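Q: I'm passing along data.tsv; it holds TSV, C-alpha atoms.
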```tsv
chain	number	residue	atom	x	y	z
A	1	MET	CA	-19.00	13.23	-30.42
A	2	ASN	CA	-20.35	14.14	-26.97
A	3	PHE	CA	-20.72	17.76	-28.11
A	4	LEU	CA	-22.83	16.72	-31.09
A	5	ARG	CA	-25.03	14.52	-28.91
A	6	LYS	CA	-25.70	17.45	-26.59
A	7	LEU	CA	-26.22	19.84	-29.49
A	8	PHE	CA	-28.96	17.73	-31.02
A	9	ASN	CA	-30.16	16.46	-27.61
A	10	ARG	CA	-29.79	12.84	-28.67
A	11	THR	CA	-28.57	10.33	-26.12
A	12	PRO	CA	-27.96	6.83	-27.52
A	13	LYS	CA	-29.97	4.09	-25.87
A	14	GLY	CA	-28.00	1.51	-23.97
A	15	TYR	CA	-26.54	0.65	-20.60
A	16	PHE	CA	-23.24	0.83	-18.74
A	17	LEU	CA	-21.06	-2.01	-17.50
A	18	ILE	CA	-18.30	-1.50	-14.95
A	19	ILE	CA	-15.41	-3.93	-15.31
A	20	LEU	CA	-13.29	-4.16	-12.16
A	21	ILE	CA	-9.90	-5.68	-12.94
A	22	ASN	CA	-7.86	-7.06	-10.03
A	23	ASP	CA	-4.56	-5.85	-11.46
A	24	LYS	CA	-1.97	-3.58	-9.81
A	25	ILE	CA	-1.27	-1.82	-13.08
A	26	MET	CA	-0.58	1.84	-13.76
A	27	PRO	CA	-3.01	3.92	-15.88
A	28	ILE	CA	-0.90	4.09	-19.05
A	29	ASN	CA	-0.47	0.31	-19.08
A	30	ARG	CA	-4.14	-0.19	-18.20
A	31	GLY	CA	-4.96	1.54	-21.48
A	32	TYR	CA	-2.37	-0.41	-23.44
A	33	LEU	CA	-3.27	-3.84	-22.05
A	34	TYR	CA	-7.03	-3.66	-21.47
A	35	GLU	CA	-8.77	-0.43	-22.43
A	36	ASP	CA	-7.67	0.04	-26.04
A	37	PRO	CA	-7.96	-3.64	-27.13
A	38	LEU	CA	-11.41	-4.00	-25.53
A	39	ASP	CA	-12.63	-0.77	-27.12
A	40	GLU	CA	-11.47	-2.01	-30.52
A	41	LYS	CA	-13.20	-5.37	-29.97
A	42	LEU	CA	-16.52	-3.83	-28.87
A	43	LYS	CA	-16.58	-1.48	-31.84
A	44	ALA	CA	-15.74	-4.30	-34.25
A	45	LEU	CA	-18.74	-6.28	-32.92
A	46	ASN	CA	-20.97	-3.17	-32.89
A	47	PHE	CA	-21.55	-3.76	-29.18
A	48	GLY	CA	-20.53	-0.33	-27.93
A	49	GLU	CA	-17.36	1.28	-26.62
A	50	VAL	CA	-15.11	1.85	-23.63
A	51	THR	CA	-15.98	5.27	-22.23
A	52	GLY	CA	-13.48	5.57	-19.38
A	53	GLY	CA	-11.23	3.94	-16.84
A	54	GLY	CA	-9.96	4.49	-13.32
A	55	THR	CA	-7.47	3.36	-10.70
A	56	TYR	CA	-8.16	2.35	-7.10
A	57	LEU	CA	-5.43	2.97	-4.54
A	58	GLU	CA	-4.51	1.25	-1.27
A	59	ASP	CA	-4.45	3.40	1.85
A	60	VAL	CA	-0.77	3.05	2.75
A	61	ALA	CA	0.02	6.65	3.72
A	62	VAL	CA	2.54	5.54	6.35
A	63	LYS	CA	4.55	3.67	3.71
A	64	GLY	CA	4.60	6.54	1.25
A	65	PRO	CA	2.83	6.97	-2.11
A	66	ASP	CA	-0.42	5.03	-2.38
A	67	GLU	CA	-0.08	1.57	-3.88
A	68	VAL	CA	-2.38	0.59	-6.75
A	69	ASN	CA	-5.07	-1.85	-5.64
A	70	SER	CA	-6.98	-2.44	-8.89
A	71	VAL	CA	-8.38	-0.70	-11.95
A	72	ASP	CA	-11.72	-0.40	-13.70
A	73	LEU	CA	-13.15	0.17	-17.16
A	74	GLU	CA	-16.47	1.82	-17.93
A	75	VAL	CA	-18.22	0.38	-20.97
A	76	PHE	CA	-21.34	1.70	-22.71
A	77	ILE	CA	-23.29	-0.97	-24.59
A	78	THR	CA	-25.65	0.05	-27.38
A	79	SER	CA	-26.20	-3.38	-28.94
A	80	LYS	CA	-29.57	-5.15	-28.63
A	81	THR	CA	-27.71	-8.42	-28.09
A	82	GLU	CA	-28.66	-10.14	-24.83
A	83	LYS	CA	-26.75	-8.68	-21.91
A	84	SER	CA	-25.55	-12.10	-20.78
A	85	GLU	CA	-24.05	-12.72	-24.23
A	86	VAL	CA	-22.34	-9.32	-24.22
A	87	ILE	CA	-20.87	-9.97	-20.77
A	88	GLY	CA	-19.76	-13.46	-21.81
A	89	THR	CA	-18.05	-12.06	-24.91
A	90	ILE	CA	-16.22	-9.42	-22.85
A	91	ILE	CA	-15.04	-12.01	-20.35
A	92	GLN	CA	-13.89	-14.37	-23.09
A	93	PHE	CA	-11.96	-11.59	-24.79
A	94	LEU	CA	-10.27	-10.33	-21.62
A	95	GLU	CA	-9.34	-13.85	-20.54
A	96	SER	CA	-7.78	-14.40	-23.98
A	97	ILE	CA	-5.49	-11.48	-23.10
A	98	GLY	CA	-5.01	-12.79	-19.57
A	99	VAL	CA	-6.72	-11.13	-16.61
A	100	PRO	CA	-6.22	-11.71	-12.86
A	101	LYS	CA	-8.65	-13.79	-10.84
A	102	GLY	CA	-10.91	-11.74	-8.60
A	103	SER	CA	-11.95	-9.45	-11.47
A	104	LYS	CA	-15.67	-8.83	-11.94
A	105	ILE	CA	-18.30	-7.12	-14.07
A	106	GLU	CA	-21.07	-5.05	-12.51
A	107	SER	CA	-24.11	-4.49	-14.70
A	108	GLY	CA	-26.37	-2.48	-12.41
A	109	PRO	CA	-27.29	-1.79	-8.77
A	110	ASN	CA	-29.86	-4.60	-8.59
A	111	GLN	CA	-28.01	-7.21	-10.64
A	112	ASN	CA	-25.46	-9.78	-9.59
A	113	GLU	CA	-21.80	-9.17	-10.35
A	114	VAL	CA	-20.04	-11.70	-12.55
A	115	GLN	CA	-16.65	-12.93	-11.33
A	116	PHE	CA	-13.96	-13.88	-13.82
A	117	GLY	CA	-10.20	-14.11	-14.35
A	118	ASN	CA	-7.66	-16.77	-15.29
A	119	LEU	CA	-4.36	-15.53	-13.85
A	120	GLU	CA	-2.91	-15.57	-10.34
A	121	GLY	CA	-0.74	-12.77	-9.02
A	122	MET	CA	2.49	-12.56	-7.05
A	123	ALA	CA	3.84	-9.43	-5.37
A	124	VAL	CA	7.47	-9.24	-4.31
A	125	TYR	CA	8.14	-6.56	-1.69
A	126	PHE	CA	11.76	-5.50	-1.17
A	127	ASP	CA	13.23	-3.92	1.95
A	128	GLY	CA	14.10	-0.35	1.03
A	129	ILE	CA	15.91	0.83	4.18
A	130	ASN	CA	17.58	-1.97	6.16
A	131	LEU	CA	19.99	-3.59	3.71
A	132	SER	CA	23.63	-2.63	3.28
A	133	ASP	CA	24.69	0.31	1.11
A	134	GLU	CA	26.55	-2.14	-1.13
A	135	VAL	CA	23.37	-4.11	-1.84
A	136	TYR	CA	21.45	-0.98	-2.84
A	137	MET	CA	24.38	0.28	-4.92
A	138	ASN	CA	24.50	-2.95	-6.94
A	139	LEU	CA	20.75	-3.43	-7.22
A	140	ASP	CA	19.27	-2.98	-10.70
A	141	LEU	CA	15.51	-3.46	-10.43
A	142	ASN	CA	15.07	-3.62	-14.20
A	143	ILE	CA	17.46	-6.56	-14.51
A	144	LEU	CA	15.94	-8.22	-11.46
A	145	GLU	CA	12.47	-7.88	-12.96
A	146	GLU	CA	13.61	-9.50	-16.20
A	147	ASP	CA	15.26	-12.34	-14.24
A	148	ILE	CA	12.01	-13.04	-12.40
A	149	LYS	CA	9.98	-12.93	-15.62
A	150	LYS	CA	12.32	-15.43	-17.28
A	151	LEU	CA	12.19	-17.82	-14.33
A	152	CYS	CA	8.38	-17.58	-14.24
A	153	ASN	CA	8.07	-17.80	-18.06
A	154	ILE	CA	6.21	-14.48	-18.20
A	155	LYS	CA	6.33	-13.00	-21.69
A	156	THR	CA	5.09	-9.43	-21.36
A	157	ASP	CA	6.72	-6.03	-21.63
A	158	VAL	CA	4.21	-4.51	-19.20
A	159	VAL	CA	5.94	-3.24	-16.04
A	160	ARG	CA	4.07	-3.35	-12.73
A	161	SER	CA	5.86	-1.82	-9.76
A	162	TRP	CA	5.52	0.50	-6.79
A	163	GLN	CA	8.00	2.58	-4.75
A	164	GLY	CA	7.21	3.42	-1.14
A	165	ASN	CA	9.21	5.07	1.64
A	166	SER	CA	10.38	1.85	3.27
A	167	GLU	CA	9.89	-0.81	0.60
A	168	SER	CA	9.32	-1.28	-3.10
A	169	ALA	CA	7.31	-3.87	-4.96
A	170	MET	CA	7.05	-5.70	-8.27
A	171	TYR	CA	3.93	-7.53	-9.43
A	172	PHE	CA	3.73	-10.57	-11.67
A	173	TYR	CA	0.79	-12.52	-13.14
A	174	ALA	CA	0.73	-16.07	-14.52
A	175	THR	CA	-1.42	-19.20	-14.29
A	176	SER	CA	-0.13	-20.31	-10.87
A	177	PHE	CA	1.11	-18.36	-7.85
A	178	ASN	CA	2.69	-21.51	-6.39
A	179	LYS	CA	4.68	-22.14	-9.56
A	180	MET	CA	5.87	-18.54	-9.67
A	181	SER	CA	6.94	-18.53	-6.01
A	182	GLN	CA	8.73	-21.85	-6.43
A	183	SER	CA	10.46	-20.65	-9.61
A	184	ILE	CA	12.12	-17.74	-7.77
A	185	LYS	CA	12.89	-19.64	-4.56
A	186	HIS	CA	16.59	-19.92	-5.39
A	187	LEU	CA	16.80	-16.15	-5.95
A	188	VAL	CA	14.99	-15.47	-2.69
A	189	ASP	CA	17.27	-17.85	-0.77
A	190	THR	CA	20.59	-16.73	-2.25
A	191	ARG	CA	20.50	-13.10	-3.38
A	192	PRO	CA	21.21	-10.42	-0.77
A	193	ASP	CA	18.65	-8.01	-2.27
A	194	PHE	CA	15.89	-10.47	-1.28
A	195	GLU	CA	16.78	-10.25	2.42
A	196	ASN	CA	13.67	-9.25	4.41
A	197	SER	CA	11.58	-9.52	1.24
A	198	ARG	CA	7.92	-10.57	1.26
A	199	ILE	CA	6.21	-12.78	-1.31
A	200	VAL	CA	2.45	-12.20	-1.34
A	201	GLN	CA	-0.35	-13.72	-3.41
A	202	ILE	CA	-2.47	-10.91	-4.87
A	203	ALA	CA	-4.81	-12.83	-7.20
```
Would you write the structure of this file as C-alpha cells?
A:
Amino acid sequence: MNFLRKLFNRTPKGYFLIILINDKIMPINRGYLYEDPLDEKLKALNFGEVTGGGTYLEDVAVKGPDEVNSVDLEVFITSKTEKSEVIGTIIQFLESIGVPKGSKIESGPNQNEVQFGNLEGMAVYFDGINLSDEVYMNLDLNILEEDIKKLCNIKTDVVRSWQGNSESAMYFYATSFNKMSQSIKHLVDTRPDFENSRIVQIA
C-alpha cells in the first residue's frame, strides 16, 4: 500500500495520534492485546488504522536487561469525524479491553494530551541472588504467576514479566492495587520465594 501511494504520489489526508499505554508489556503481547484489536476497530468504523507501535525501556543497566516502562501505538486517522469524538471512541474501546491508568493520547505538539485508563498495576519483584539454593530449585515462576492471578481474580493469558541480573519481576493489572496486594498478602508472608520481595504500584 505504501509503495502504491508513493508511485502515484498520493498521500491520504488525515492526522496522527500517539497513544501512550502505561503497560509493562512485551511487543508481541502489545500487538495481541492492543494493536490488532484497535486496528480492526478503526477500520470497521472507517476512522483510519494503526500504523505502528513501540516500546519504552527503563534505564536499569546495573540490574541487567532493560525493563519495559510502557508502550505506544501510532494511529493515522483519515475520517472527517470530529477529533474529540475519534479520541473518545478510541478511549472507550481501549478501556473496554482494560488499559492501565496513566495512559494518554497525544494529538499534536500544540494540543493537550488526554489522560485515560481504568486499571491499576502491581509489580512483584523477586530476589534473584540471596535466597537459598533449595528455594530457587523449587521455584516455578509459571505456577506462581497462575497462583497470583487466581488470588487477584485476573482472567488473562497475557504474561508480563522481566528477568534482571539480581531480581525478576511479574506485572499484574486489575481494578485495584490495594485489593491485589491484600489478596497475595498470605503468599508474601508465608512463602520462602517471597523473601526480600518488593510489591510496587505501577499504575
Q: In the coordinate frame of the file, compute which residues have an atom within 12 Å of (8.7, -8.0, -0.2) when using all atoms listed in the file, and state them as a ChimeraX atom specification.
A: /A:122-128,161-164,166-171,188,193-201
Q: Compare A:Asp189, A:Ile21, A:Tyr173, A:Lys13 by their minimum atom-to-atom distance to Phe116 (chain A), counting all atoms listed in the file, and give me the closest one.
A: A:Ile21
Q: Using all atoms listed in the file, find the one residue out of A:Thr156, A:Asn112, A:Thr55, A:Asn118 that sits nearest to Ile91 (chain A).
A: A:Asn118
Q: To one decimal place, how far is CA of Val50 (chain A) from CA of Glu35 (chain A) in Å?
A: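 Separation of CA of Val50 (chain A) and CA of Glu35 (chain A): 6.8 Å.
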Q: Which residue is closest to Arg30 (chain A)? Choose from A:Val71, A:Ile143, A:Leu94, A:Val135 and count only C-alpha atoms.
A: A:Val71
Q: Which neighbours of Gly117 (chain A) fall inside 7 Å, counting only C-alpha atoms, when residues of the same chain fewer than 5 positions from it are skipped, and could you give them as a list in words?
A: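 Everything that qualifies: Glu95, Val99, Pro100, Lys101, Gly102 and Ser103 of chain A.
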Q: To one decimal in Å, tell me the separation between CA of Ile202 (chain A) and CA of Asp36 (chain A).
A: 24.4 Å
Q: Please determine, counting only C-alpha atoms, which residue among A:Asn46, A:Asn138, A:Leu151, A:Tyr15 has the shortest atom-to-atom distance to Arg191 (chain A).
A: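 Checking each candidate against Arg191 (chain A), we get A:Asn138 as the closest.
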Q: Quick check, in Å to one decimal: how far apart do CA of Glu49 (chain A) and CA of Ala174 (chain A) lie?
A: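 Computing the Euclidean distance for CA of Glu49 (chain A) and CA of Ala174 (chain A) yields 27.8 Å.
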Q: I'd like to know which of A:Ser176, A:Asn142, A:Thr89, A:Ser96 is closest to Leu33 (chain A), using only C-alpha atoms.
A: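 Under the stated criterion, the closest residue is A:Ser96.
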Q: Counting all atoms listed in the file, which of A:Ala203, A:Ile105, A:Glu146, A:Val68 gets nearest to Leu119 (chain A)?
A: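 Nearest candidate to Leu119 (chain A) out of A:Ala203, A:Ile105, A:Glu146, A:Val68: A:Ala203.
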Q: Because the input lacks atoms here, generate N, CA and C atoms for region 170-202 of chain A and report them as a PDB file, in the frame of the given file.
A:
```pdb
ATOM      1  N   MET A 170       7.291  -5.316  -6.881  1.00  0.00           N
ATOM      2  CA  MET A 170       7.050  -5.700  -8.270  1.00  0.00           C
ATOM      3  C   MET A 170       5.896  -6.687  -8.262  1.00  0.00           C
ATOM      4  N   TYR A 171       5.102  -6.659  -9.339  1.00  0.00           N
ATOM      5  CA  TYR A 171       3.930  -7.530  -9.430  1.00  0.00           C
ATOM      6  C   TYR A 171       4.003  -8.361 -10.696  1.00  0.00           C
ATOM      7  N   PHE A 172       3.646  -9.637 -10.540  1.00  0.00           N
ATOM      8  CA  PHE A 172       3.730 -10.570 -11.670  1.00  0.00           C
ATOM      9  C   PHE A 172       2.454 -11.411 -11.721  1.00  0.00           C
ATOM     10  N   TYR A 173       2.023 -11.744 -12.954  1.00  0.00           N
ATOM     11  CA  TYR A 173       0.790 -12.520 -13.140  1.00  0.00           C
ATOM     12  C   TYR A 173       1.052 -13.681 -14.098  1.00  0.00           C
ATOM     13  N   ALA A 174       0.605 -14.868 -13.697  1.00  0.00           N
ATOM     14  CA  ALA A 174       0.730 -16.070 -14.520  1.00  0.00           C
ATOM     15  C   ALA A 174      -0.360 -17.049 -14.059  1.00  0.00           C
ATOM     16  N   THR A 175      -0.331 -18.264 -14.577  1.00  0.00           N
ATOM     17  CA  THR A 175      -1.420 -19.200 -14.290  1.00  0.00           C
ATOM     18  C   THR A 175      -1.386 -19.737 -12.869  1.00  0.00           C
ATOM     19  N   SER A 176      -0.219 -19.718 -12.208  1.00  0.00           N
ATOM     20  CA  SER A 176      -0.130 -20.310 -10.870  1.00  0.00           C
ATOM     21  C   SER A 176       0.800 -19.509  -9.965  1.00  0.00           C
ATOM     22  N   PHE A 177       0.274 -19.039  -8.844  1.00  0.00           N
ATOM     23  CA  PHE A 177       1.110 -18.360  -7.850  1.00  0.00           C
ATOM     24  C   PHE A 177       2.150 -19.318  -7.280  1.00  0.00           C
ATOM     25  N   ASN A 178       1.758 -20.543  -6.985  1.00  0.00           N
ATOM     26  CA  ASN A 178       2.690 -21.510  -6.390  1.00  0.00           C
ATOM     27  C   ASN A 178       3.866 -21.780  -7.314  1.00  0.00           C
ATOM     28  N   LYS A 179       3.588 -21.907  -8.620  1.00  0.00           N
ATOM     29  CA  LYS A 179       4.680 -22.140  -9.560  1.00  0.00           C
ATOM     30  C   LYS A 179       5.609 -20.942  -9.645  1.00  0.00           C
ATOM     31  N   MET A 180       5.034 -19.737  -9.632  1.00  0.00           N
ATOM     32  CA  MET A 180       5.870 -18.540  -9.670  1.00  0.00           C
ATOM     33  C   MET A 180       6.765 -18.459  -8.432  1.00  0.00           C
ATOM     34  N   SER A 181       6.174 -18.656  -7.258  1.00  0.00           N
ATOM     35  CA  SER A 181       6.940 -18.530  -6.010  1.00  0.00           C
ATOM     36  C   SER A 181       8.024 -19.602  -5.925  1.00  0.00           C
ATOM     37  N   GLN A 182       7.715 -20.799  -6.429  1.00  0.00           N
ATOM     38  CA  GLN A 182       8.730 -21.850  -6.430  1.00  0.00           C
ATOM     39  C   GLN A 182       9.835 -21.556  -7.448  1.00  0.00           C
ATOM     40  N   SER A 183       9.477 -20.941  -8.556  1.00  0.00           N
ATOM     41  CA  SER A 183      10.460 -20.650  -9.610  1.00  0.00           C
ATOM     42  C   SER A 183      11.518 -19.650  -9.148  1.00  0.00           C
ATOM     43  N   ILE A 184      11.150 -18.754  -8.219  1.00  0.00           N
ATOM     44  CA  ILE A 184      12.120 -17.740  -7.770  1.00  0.00           C
ATOM     45  C   ILE A 184      12.717 -18.085  -6.403  1.00  0.00           C
ATOM     46  N   LYS A 185      12.423 -19.273  -5.901  1.00  0.00           N
ATOM     47  CA  LYS A 185      12.890 -19.640  -4.560  1.00  0.00           C
ATOM     48  C   LYS A 185      14.405 -19.544  -4.422  1.00  0.00           C
ATOM     49  N   HIS A 186      15.121 -19.983  -5.462  1.00  0.00           N
ATOM     50  CA  HIS A 186      16.590 -19.920  -5.390  1.00  0.00           C
ATOM     51  C   HIS A 186      17.068 -18.477  -5.295  1.00  0.00           C
ATOM     52  N   LEU A 187      16.434 -17.571  -6.050  1.00  0.00           N
ATOM     53  CA  LEU A 187      16.800 -16.150  -5.950  1.00  0.00           C
ATOM     54  C   LEU A 187      16.545 -15.638  -4.542  1.00  0.00           C
ATOM     55  N   VAL A 188      15.372 -15.943  -4.019  1.00  0.00           N
ATOM     56  CA  VAL A 188      14.990 -15.470  -2.690  1.00  0.00           C
ATOM     57  C   VAL A 188      15.976 -15.973  -1.632  1.00  0.00           C
ATOM     58  N   ASP A 189      16.412 -17.221  -1.782  1.00  0.00           N
ATOM     59  CA  ASP A 189      17.270 -17.850  -0.770  1.00  0.00           C
ATOM     60  C   ASP A 189      18.735 -17.427  -0.868  1.00  0.00           C
ATOM     61  N   THR A 190      19.150 -16.942  -2.044  1.00  0.00           N
ATOM     62  CA  THR A 190      20.590 -16.730  -2.250  1.00  0.00           C
ATOM     63  C   THR A 190      20.998 -15.283  -2.519  1.00  0.00           C
ATOM     64  N   ARG A 191      20.096 -14.464  -3.021  1.00  0.00           N
ATOM     65  CA  ARG A 191      20.500 -13.100  -3.380  1.00  0.00           C
ATOM     66  C   ARG A 191      20.299 -12.152  -2.209  1.00  0.00           C
ATOM     67  N   PRO A 192      21.301 -11.322  -1.922  1.00  0.00           N
ATOM     68  CA  PRO A 192      21.210 -10.420  -0.770  1.00  0.00           C
ATOM     69  C   PRO A 192      20.104  -9.377  -0.888  1.00  0.00           C
ATOM     70  N   ASP A 193      19.709  -9.020  -2.129  1.00  0.00           N
ATOM     71  CA  ASP A 193      18.650  -8.010  -2.270  1.00  0.00           C
ATOM     72  C   ASP A 193      17.274  -8.551  -1.909  1.00  0.00           C
ATOM     73  N   PHE A 194      17.155  -9.878  -1.717  1.00  0.00           N
ATOM     74  CA  PHE A 194      15.890 -10.470  -1.280  1.00  0.00           C
ATOM     75  C   PHE A 194      15.803 -10.592   0.239  1.00  0.00           C
ATOM     76  N   GLU A 195      16.833 -10.186   0.956  1.00  0.00           N
ATOM     77  CA  GLU A 195      16.780 -10.250   2.420  1.00  0.00           C
ATOM     78  C   GLU A 195      15.613  -9.372   2.916  1.00  0.00           C
ATOM     79  N   ASN A 196      14.853  -9.921   3.833  1.00  0.00           N
ATOM     80  CA  ASN A 196      13.670  -9.250   4.410  1.00  0.00           C
ATOM     81  C   ASN A 196      12.546  -9.065   3.403  1.00  0.00           C
ATOM     82  N   SER A 197      12.633  -9.692   2.248  1.00  0.00           N
ATOM     83  CA  SER A 197      11.580  -9.520   1.240  1.00  0.00           C
ATOM     84  C   SER A 197      10.310 -10.286   1.647  1.00  0.00           C
ATOM     85  N   ARG A 198       9.198  -9.901   1.040  1.00  0.00           N
ATOM     86  CA  ARG A 198       7.920 -10.570   1.260  1.00  0.00           C
ATOM     87  C   ARG A 198       7.350 -11.017  -0.082  1.00  0.00           C
ATOM     88  N   ILE A 199       6.885 -12.257  -0.129  1.00  0.00           N
ATOM     89  CA  ILE A 199       6.210 -12.780  -1.310  1.00  0.00           C
ATOM     90  C   ILE A 199       4.736 -12.946  -0.952  1.00  0.00           C
ATOM     91  N   VAL A 200       3.859 -12.238  -1.690  1.00  0.00           N
ATOM     92  CA  VAL A 200       2.450 -12.200  -1.340  1.00  0.00           C
ATOM     93  C   VAL A 200       1.591 -12.556  -2.535  1.00  0.00           C
ATOM     94  N   GLN A 201       0.601 -13.427  -2.340  1.00  0.00           N
ATOM     95  CA  GLN A 201      -0.350 -13.720  -3.410  1.00  0.00           C
ATOM     96  C   GLN A 201      -1.374 -12.612  -3.494  1.00  0.00           C
ATOM     97  N   ILE A 202      -1.572 -12.063  -4.702  1.00  0.00           N
ATOM     98  CA  ILE A 202      -2.470 -10.910  -4.870  1.00  0.00           C
ATOM     99  C   ILE A 202      -3.618 -11.212  -5.843  1.00  0.00           C
TER     100      ILE A 202
END
```
